[in-house]
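Novice: Next comes the structure file my_file-v8.tsv, holding TSV, C-alpha atoms and all ligand atoms.
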chain	number	residue	atom	x	y	z
F	284	MET	CA	-23.54	9.43	1.02
F	285	ASN	CA	-22.38	13.04	0.88
F	286	ASP	CA	-23.02	15.01	-2.24
F	287	VAL	CA	-20.45	13.76	-4.72
F	288	LEU	CA	-20.49	17.00	-6.66
F	289	LYS	CA	-19.61	18.95	-3.54
F	290	LEU	CA	-16.67	16.67	-2.79
F	291	LYS	CA	-15.52	16.88	-6.37
F	292	LYS	CA	-15.51	20.69	-6.15
F	293	ILE	CA	-13.57	20.62	-2.90
F	294	ILE	CA	-10.92	18.46	-4.52
F	295	GLU	CA	-10.85	20.61	-7.67
F	296	GLN	CA	-10.51	23.82	-5.71
F	297	ALA	CA	-7.85	22.51	-3.36
F	298	ASP	CA	-4.30	23.81	-3.66
F	299	ALA	CA	-3.07	20.32	-2.90
F	300	VAL	CA	-4.32	16.82	-2.11
F	301	ILE	CA	-2.65	14.31	0.18
F	302	VAL	CA	-3.92	10.80	-0.40
F	303	GLY	CA	-3.64	8.27	2.40
F	304	ALA	CA	-4.33	4.77	1.18
F	305	GLY	CA	-4.83	1.61	3.20
F	306	ALA	CA	-5.84	-2.00	2.67
F	307	GLY	CA	-9.42	-0.98	1.85
F	308	LEU	CA	-8.27	0.56	-1.41
F	309	SER	CA	-6.62	-2.61	-2.68
F	310	ALA	CA	-9.55	-4.65	-1.38
F	311	ALA	CA	-11.84	-2.44	-3.47
F	312	ALA	CA	-9.54	-3.08	-6.40
F	313	GLY	CA	-10.31	-6.77	-6.03
F	314	ILE	CA	-6.76	-7.82	-5.26
F	315	PRO	CA	-7.36	-11.28	-3.86
F	316	TYR	CA	-6.66	-10.91	-0.22
F	317	GLY	CA	-9.98	-12.63	0.34
F	318	GLU	CA	-10.32	-16.33	1.08
F	319	LYS	CA	-12.41	-17.29	-1.91
F	320	GLU	CA	-10.02	-15.97	-4.54
F	321	PHE	CA	-6.99	-17.22	-2.64
F	322	LYS	CA	-8.30	-20.78	-2.75
F	323	LYS	CA	-8.71	-20.57	-6.48
F	324	ILE	CA	-5.31	-19.06	-7.22
F	325	PHE	CA	-3.15	-20.93	-4.69
F	326	PRO	CA	-4.85	-24.28	-4.06
F	327	GLU	CA	-1.51	-25.98	-3.26
F	328	LEU	CA	-0.83	-23.45	-0.47
F	329	VAL	CA	-4.26	-24.04	1.02
F	330	LYS	CA	-3.78	-27.79	0.90
F	331	ARG	CA	-0.23	-27.97	2.21
F	332	TYR	CA	-0.17	-25.16	4.78
F	333	GLY	CA	-3.81	-24.42	5.47
F	334	MET	CA	-3.29	-20.84	4.29
F	335	THR	CA	-6.42	-18.77	3.80
F	336	ASP	CA	-5.49	-15.43	2.27
F	337	MET	CA	-2.59	-13.32	1.00
F	338	TYR	CA	-2.29	-11.18	4.10
F	339	THR	CA	-2.15	-13.77	6.88
F	340	SER	CA	-0.16	-16.20	4.74
F	341	SER	CA	2.70	-13.70	4.68
F	342	PHE	CA	3.24	-14.33	8.41
F	343	PHE	CA	3.41	-18.12	8.05
F	344	SER	CA	6.37	-19.76	9.74
F	345	PHE	CA	8.07	-22.13	7.28
F	346	ALA	CA	10.30	-24.99	8.37
F	347	ARG	CA	12.72	-24.50	5.49
F	348	GLU	CA	14.02	-21.58	3.45
F	349	GLU	CA	13.38	-23.54	0.26
F	350	GLU	CA	9.66	-23.57	1.08
F	351	ARG	CA	9.54	-20.00	2.30
F	352	TRP	CA	11.01	-18.65	-0.93
F	353	SER	CA	8.76	-20.87	-3.01
F	354	TYR	CA	5.82	-19.24	-1.23
F	355	TRP	CA	7.13	-15.69	-1.64
F	356	ALA	CA	8.02	-16.24	-5.28
F	357	LYS	CA	4.40	-17.22	-5.98
F	358	HIS	CA	2.92	-14.39	-3.93
F	359	ILE	CA	5.17	-11.71	-5.42
F	360	ASP	CA	4.92	-13.05	-8.96
F	361	PHE	CA	1.15	-12.91	-8.69
F	362	LEU	CA	1.32	-9.20	-7.78
F	363	TYR	CA	3.76	-8.50	-10.61
F	364	ASN	CA	1.42	-10.09	-13.10
F	365	ILE	CA	-1.84	-8.38	-12.23
F	366	GLU	CA	-2.64	-5.29	-14.22
F	367	ALA	CA	-3.16	-1.80	-12.79
F	368	LYS	CA	-6.62	-1.93	-11.24
F	369	LYS	CA	-9.40	0.42	-12.27
F	370	VAL	CA	-9.78	2.02	-8.86
F	371	TYR	CA	-6.13	3.10	-8.93
F	372	ILE	CA	-6.45	4.36	-12.51
F	373	ASP	CA	-9.57	6.38	-11.58
F	374	LEU	CA	-7.67	7.91	-8.69
F	375	PHE	CA	-4.75	8.71	-10.98
F	376	HIS	CA	-7.04	10.55	-13.42
F	377	LEU	CA	-8.66	12.44	-10.57
F	378	LEU	CA	-5.28	13.74	-9.40
F	379	GLN	CA	-3.44	14.09	-12.68
F	380	LYS	CA	-3.69	17.87	-12.79
F	381	LYS	CA	-3.38	18.40	-9.05
F	382	ASN	CA	-0.51	18.92	-6.70
F	383	TYR	CA	-0.69	15.61	-4.94
F	384	PHE	CA	1.27	13.33	-2.69
F	385	VAL	CA	0.44	9.75	-1.71
F	386	ILE	CA	1.28	7.96	1.50
F	387	THR	CA	0.30	4.30	1.57
F	388	THR	CA	0.65	1.23	3.73
F	389	ASN	CA	-0.10	-0.97	0.72
F	390	VAL	CA	2.82	-3.02	-0.57
F	391	ASP	CA	1.38	-4.30	-3.84
F	392	GLY	CA	2.85	-1.69	-6.19
F	393	GLN	CA	-0.52	-0.65	-7.66
F	394	PHE	CA	0.11	3.11	-7.46
F	395	LEU	CA	3.20	2.90	-9.64
F	396	LYS	CA	1.50	0.53	-12.07
F	397	ALA	CA	-1.39	2.96	-12.49
F	398	GLY	CA	1.03	5.70	-13.56
F	399	PHE	CA	1.60	7.70	-10.39
F	400	ASP	CA	4.88	9.59	-10.19
F	401	PRO	CA	7.29	7.41	-8.12
F	402	GLY	CA	8.65	10.60	-6.54
F	403	ARG	CA	5.24	11.30	-5.01
F	404	VAL	CA	4.30	7.87	-3.68
F	405	PHE	CA	5.63	7.01	-0.24
F	406	GLU	CA	5.26	3.26	0.41
F	407	VAL	CA	5.90	3.63	4.09
F	408	GLN	CA	5.59	-0.09	5.00
F	409	GLY	CA	7.83	-1.32	2.19
F	410	SER	CA	7.19	-2.97	-1.12
F	411	LEU	CA	7.07	-6.56	-2.28
F	412	SER	CA	9.22	-5.62	-5.26
F	413	LYS	CA	12.26	-5.39	-2.93
F	414	ILE	CA	14.19	-7.69	-0.61
F	415	GLN	CA	16.62	-6.93	2.20
F	416	CYS	CA	18.93	-8.62	4.70
F	417	ALA	CA	16.68	-10.34	7.28
F	418	VAL	CA	18.62	-8.77	10.17
F	419	ALA	CA	19.23	-5.48	8.35
F	420	CYS	CA	23.02	-5.85	8.53
F	421	HIS	CA	23.18	-3.22	5.76
F	422	LYS	CA	20.57	-0.71	4.67
F	423	LYS	CA	20.27	-1.68	1.06
F	424	LEU	CA	17.26	-2.96	-0.89
F	425	TYR	CA	17.45	-5.24	-3.89
F	426	ASP	CA	14.98	-5.60	-6.75
F	427	ASP	CA	13.49	-9.09	-6.65
F	428	LYS	CA	11.86	-9.48	-10.06
F	429	GLU	CA	14.65	-11.45	-11.73
F	430	MET	CA	15.22	-13.59	-8.65
F	431	ILE	CA	11.52	-14.47	-8.42
F	432	THR	CA	11.35	-15.45	-12.09
F	433	HIS	CA	14.38	-17.67	-11.66
F	434	MET	CA	12.99	-19.32	-8.52
F	435	LEU	CA	9.67	-20.08	-10.17
F	436	ALA	CA	11.35	-21.63	-13.18
F	437	PHE	CA	12.81	-24.28	-10.85
F	438	GLU	CA	10.07	-24.41	-8.20
F	439	LYS	CA	8.57	-27.83	-7.61
F	440	ASP	CA	6.25	-29.25	-4.99
F	441	CYS	CA	6.25	-26.02	-2.93
F	442	LYS	CA	10.06	-25.90	-2.78
F	443	ILE	CA	12.84	-24.19	-4.68
F	444	PRO	CA	16.33	-25.74	-5.08
F	445	THR	CA	18.64	-24.95	-2.13
F	446	GLU	CA	21.14	-23.14	-4.35
F	447	LEU	CA	18.47	-20.61	-5.30
F	448	VAL	CA	17.64	-19.63	-1.71
F	449	SER	CA	18.38	-15.94	-1.31
F	450	ILE	CA	21.45	-15.16	0.84
F	451	CYS	CA	22.59	-11.79	2.19
F	452	PRO	CA	25.63	-10.68	0.13
F	453	VAL	CA	27.17	-9.06	3.24
F	454	CYS	CA	26.55	-11.28	6.32
F	455	LYS	CA	25.64	-14.44	4.34
F	456	GLY	CA	22.53	-14.84	6.48
F	457	LYS	CA	18.89	-14.99	5.41
F	458	MET	CA	17.19	-12.45	3.19
F	459	GLU	CA	13.66	-11.16	3.72
F	460	VAL	CA	10.99	-9.31	1.78
F	461	ASN	CA	10.97	-5.58	2.50
F	462	LEU	CA	7.83	-5.51	4.66
F	463	ARG	CA	7.61	-3.82	8.01
F	464	LYS	CA	6.87	-6.79	10.22
F	465	ASP	CA	9.67	-6.59	12.76
F	466	SER	CA	12.35	-4.20	13.97
F	467	PHE	CA	14.66	-5.19	11.10
F	468	PHE	CA	12.68	-3.39	8.40
F	469	VAL	CA	15.16	-1.55	6.18
F	470	GLU	CA	14.48	2.09	5.44
F	471	ASP	CA	16.93	2.87	2.64
F	472	ASP	CA	17.96	6.26	1.16
F	473	HIS	CA	14.94	6.23	-1.17
F	474	TRP	CA	12.58	5.65	1.79
F	475	HIS	CA	14.14	8.54	3.71
F	476	LYS	CA	14.01	10.80	0.66
F	477	LEU	CA	10.28	10.17	0.22
F	478	ASN	CA	9.66	10.65	3.92
F	479	GLN	CA	11.34	14.05	3.62
F	480	THR	CA	9.35	14.90	0.46
F	481	TYR	CA	6.15	14.06	2.34
F	482	GLU	CA	7.11	16.35	5.22
F	483	ASN	CA	8.10	19.14	2.84
F	484	PHE	CA	4.80	18.77	0.97
F	485	ILE	CA	2.84	19.14	4.22
F	486	HIS	CA	4.93	22.15	5.19
F	487	THR	CA	4.37	23.83	1.80
F	488	TYR	CA	0.58	23.46	1.89
F	489	LYS	CA	-0.31	23.59	5.57
F	490	GLU	CA	-1.57	27.18	5.32
F	491	LYS	CA	-3.36	26.58	2.01
F	492	ARG	CA	-6.49	24.72	0.95
F	493	LEU	CA	-5.31	21.21	1.62
F	494	VAL	CA	-7.45	18.10	1.21
F	495	PHE	CA	-6.65	14.86	3.00
F	496	LEU	CA	-8.24	12.10	0.96
F	497	GLU	CA	-8.21	8.98	3.15
F	498	LEU	CA	-9.09	5.81	1.28
F	499	GLY	CA	-9.75	2.52	3.02
F	500	VAL	CA	-7.58	3.15	6.08
F	501	GLY	CA	-8.67	1.12	9.09
F	502	PHE	CA	-7.30	0.58	12.57
F	503	HIS	CA	-4.54	-1.88	11.73
F	504	THR	CA	-1.78	0.76	11.85
F	505	PRO	CA	-3.73	3.99	12.51
F	506	GLY	CA	-0.65	5.88	13.68
F	507	ILE	CA	0.70	6.09	10.14
F	508	ILE	CA	-2.16	7.74	8.21
F	509	ARG	CA	-5.46	7.85	10.06
F	510	PHE	CA	-4.51	9.64	13.29
F	511	PRO	CA	-2.02	12.09	11.70
F	512	PHE	CA	-4.60	13.02	9.03
F	513	GLU	CA	-7.12	13.86	11.76
F	514	GLN	CA	-4.52	15.81	13.73
F	515	MET	CA	-3.43	17.86	10.72
F	516	THR	CA	-7.04	18.52	9.70
F	517	HIS	CA	-7.55	19.80	13.23
F	518	ASP	CA	-4.40	21.93	13.26
F	519	PHE	CA	-4.40	23.42	9.73
F	520	LYS	CA	-6.88	26.25	9.20
F	521	ASP	CA	-8.02	25.39	5.65
F	522	ALA	CA	-7.62	21.64	5.70
F	523	THR	CA	-10.45	19.24	4.86
F	524	LEU	CA	-10.58	15.53	5.52
F	525	ILE	CA	-12.49	13.21	3.20
F	526	ARG	CA	-12.60	9.79	4.80
F	527	VAL	CA	-13.89	7.02	2.55
F	528	ASN	CA	-14.50	3.86	4.51
F	529	GLU	CA	-17.26	1.30	4.41
F	530	ARG	CA	-17.05	0.35	8.07
F	531	GLU	CA	-14.75	2.45	10.24
F	532	ARG	CA	-15.50	6.16	10.02
F	533	THR	CA	-15.36	7.22	13.69
F	534	LEU	CA	-13.41	10.41	14.33
F	535	ILE	CA	-11.16	10.65	17.36
F	536	LEU	CA	-10.85	14.44	17.26
F	537	ASP	CA	-13.53	17.09	17.16
F	538	ILE	CA	-13.23	17.96	13.47
F	539	GLN	CA	-16.74	17.18	12.18
F	540	LYS	CA	-17.05	20.59	10.51
F	541	LYS	CA	-13.96	20.03	8.41
F	542	THR	CA	-14.63	16.38	7.64
F	543	PHE	CA	-16.71	14.39	5.18
F	544	LEU	CA	-17.31	10.80	6.20
F	545	VAL	CA	-18.18	8.70	3.19
F	546	GLN	CA	-19.66	5.29	3.87
F	547	GLU	CA	-18.80	3.66	0.62
F	548	ASP	CA	-16.48	1.25	-1.09
F	549	CYS	CA	-13.46	3.16	-2.52
F	550	ALA	CA	-14.08	1.80	-6.02
F	551	SER	CA	-17.65	3.01	-6.32
F	552	PHE	CA	-16.80	6.34	-4.67
F	553	LEU	CA	-14.02	7.08	-7.17
F	554	GLU	CA	-16.22	5.89	-10.03
F	555	LYS	CA	-18.96	8.33	-9.01
F	556	LEU	CA	-16.46	11.13	-8.61
F	557	LYS	CA	-15.23	10.49	-12.12
F	558	GLU	CA	-18.70	10.47	-13.66
F	559	LYS	CA	-20.04	13.57	-11.93
F	560	LYS	CA	-19.85	16.69	-14.14
K	601	ZN	ZN	23.05	-9.31	6.12
Turn the structure described in the file into structure tokens.

Specialist:
Amino acid sequence: MNDVLKLKKIIEQADAVIVGAGAGLSAAAGIPYGEKEFKKIFPELVKRYGMTDMYTSSFFSFAREEERWSYWAKHIDFLYNIEAKKVYIDLFHLLQKKNYFVITTNVDGQFLKAGFDPGRVFEVQGSLSKIQCAVACHKKLYDDKEMITHMLAFEKDCKIPTELVSICPVCKGKMEVNLRKDSFFVEDDHWHKLNQTYENFIHTYKEKRLVFLELGVGFHTPGIIRFPFEQMTHDFKDATLIRVNERERTLILDIQKKTFLVQEDCASFLEKLKEKK
């Protein structure tokens, strides 16, 4: 890999760091999106629905709302109950004294758990800690923690009681988790505020020494982090891109001189960065 000390210096000397985090970061944190762990934690979901992992299971089409909410209650509760993972804590320590901003497509809440400032973490694809009207009849998000706890207390045989199924308080239709999976994704005031903060942050530092630290971002939704990071590295005079990715490091733009491509798992990269004096 590239010289860790050199990358550490670049980050230390930067006026600001913009972190872009994708699924690879949570995968490195060991959050069980993989099949093996999923089988162990949710055997009833594997048996009943043939589900294989946390990501694809979230697109499963349930016959009944009672089953759908039983599934989501388990999935979300699992994320609530896991601790802040080391890779996120290492990243937090790395950035603690920096001007930083985070944009992430991850929806598992790990940044906030690890201590990041909520005003500097833009969860652009939503968060599993919120629910919304399924057809976005109003642009409000609701915390789901209490609801989930209540559902699980009465959950049985992969179903919750009908009276606990979540209903939109405005149109009385279905509710949905706040994930961007269709055109009804709700972007509330908080989402728009963070989007603006992100744009302001870029504007403030575009002429300065700005580091784009891209962690585990693949080609699932490259238009959100990966392509813009390359474009801004290309356009801004003193910008540097550090792309940490085990498999997909190819650059689209001609920015080799301003880019460090690190073929490594995010967890071991951040661990090395932390150790290096
Ligand atoms: Zn509604």

Novice: Taking only C-alpha atoms into account, which of F:Ala306, F:Leu395, F:Val448, F:Val329 comes nearest Trp355 (chain F)?

Specialist: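 That would be F:Val448, the residue with the smallest distance to Trp355 (chain F).
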
Novice: Can you find the residues with an atom no farther than 12 Å from (-1.9, -6.3, -13.7), counting all atoms listed in the file, and report them as a ChimeraX atom specification?

Specialist: /F:312-314,360-369,371-372,391-397

Novice: Which of these, F:Ile535, F:Cys549, F:Leu462, F:Leu477, has the shortest distance to Gly499 (chain F) once you count all atoms listed in the file?

Specialist: F:Cys549

Novice: Using all atoms listed in the file, which of F:Phe502, F:Phe467, F:Phe512, F:Trp474 sits nearest ligand ZN 601 (chain K)?

Specialist: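 Looking only at the distances to ligand ZN 601 (chain K), the closest residue turns out to be F:Phe467.
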
Novice: Please extract the residues at most 7 Å from ligand ZN 601 (chain K), counting only C-alpha atoms and all ligand atoms, and provide them as a list in words, using the chain letters and residue numbers of this document.

Specialist: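 Here is the list of contacting residues: Cys416, Ala417, Val418, Ala419, Cys420, His421, Cys451, Pro452, Val453, Cys454, Lys455 and Gly456 of chain F.
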
Novice: Rounded to one decimal place, report the CA of Asn382 (chain F)-CA of Ala299 (chain F) distance in Å.

Specialist: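 Rounded to one decimal, the two atoms are 4.8 Å apart.
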
Novice: Put the listed atoms of region 516-533 of chain F in a box along x, y and z with 5 Å added on every side and give me the centre and edge lengths in Å to one decimal, as JSON.

Specialist:
{"center_x": -10.8, "center_y": 13.3, "center_z": 8.1, "size_x": 22.9, "size_y": 35.9, "size_z": 21.1}

Novice: Which of these, F:Tyr383, F:Ile294, F:Asn528, F:Phe437, has the shortest distance to Asp548 (chain F) once you count only C-alpha atoms?

Specialist: F:Asn528

Novice: Of the residues F:Met458, F:Leu496, F:Ala356, F:Val385, which is the one nearest to Glu438 (chain F), using all atoms listed in the file?

Specialist: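 Closest to Glu438 (chain F) of all the choices is F:Ala356.
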
Novice: Point out the residue among F:Ala522, F:Ile386, F:Ile507, F:Met334 with the least atom-to-atom distance to Gly317 (chain F), counting all atoms listed in the file.

Specialist: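 So, comparing all the options, the nearest one is F:Met334.
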
Novice: Neighbours of Leu556 (chain F) within 8 Å (all atoms listed in the file; same-chain residues fewer than 6 positions away dropped), as a ChimeraX atom specification?

Specialist: /F:287-288,291

Novice: Rounded to one decimal place, report the CA of Asp427 (chain F)-CA of Pro401 (chain F) distance in Å.

Specialist: 17.7 Å
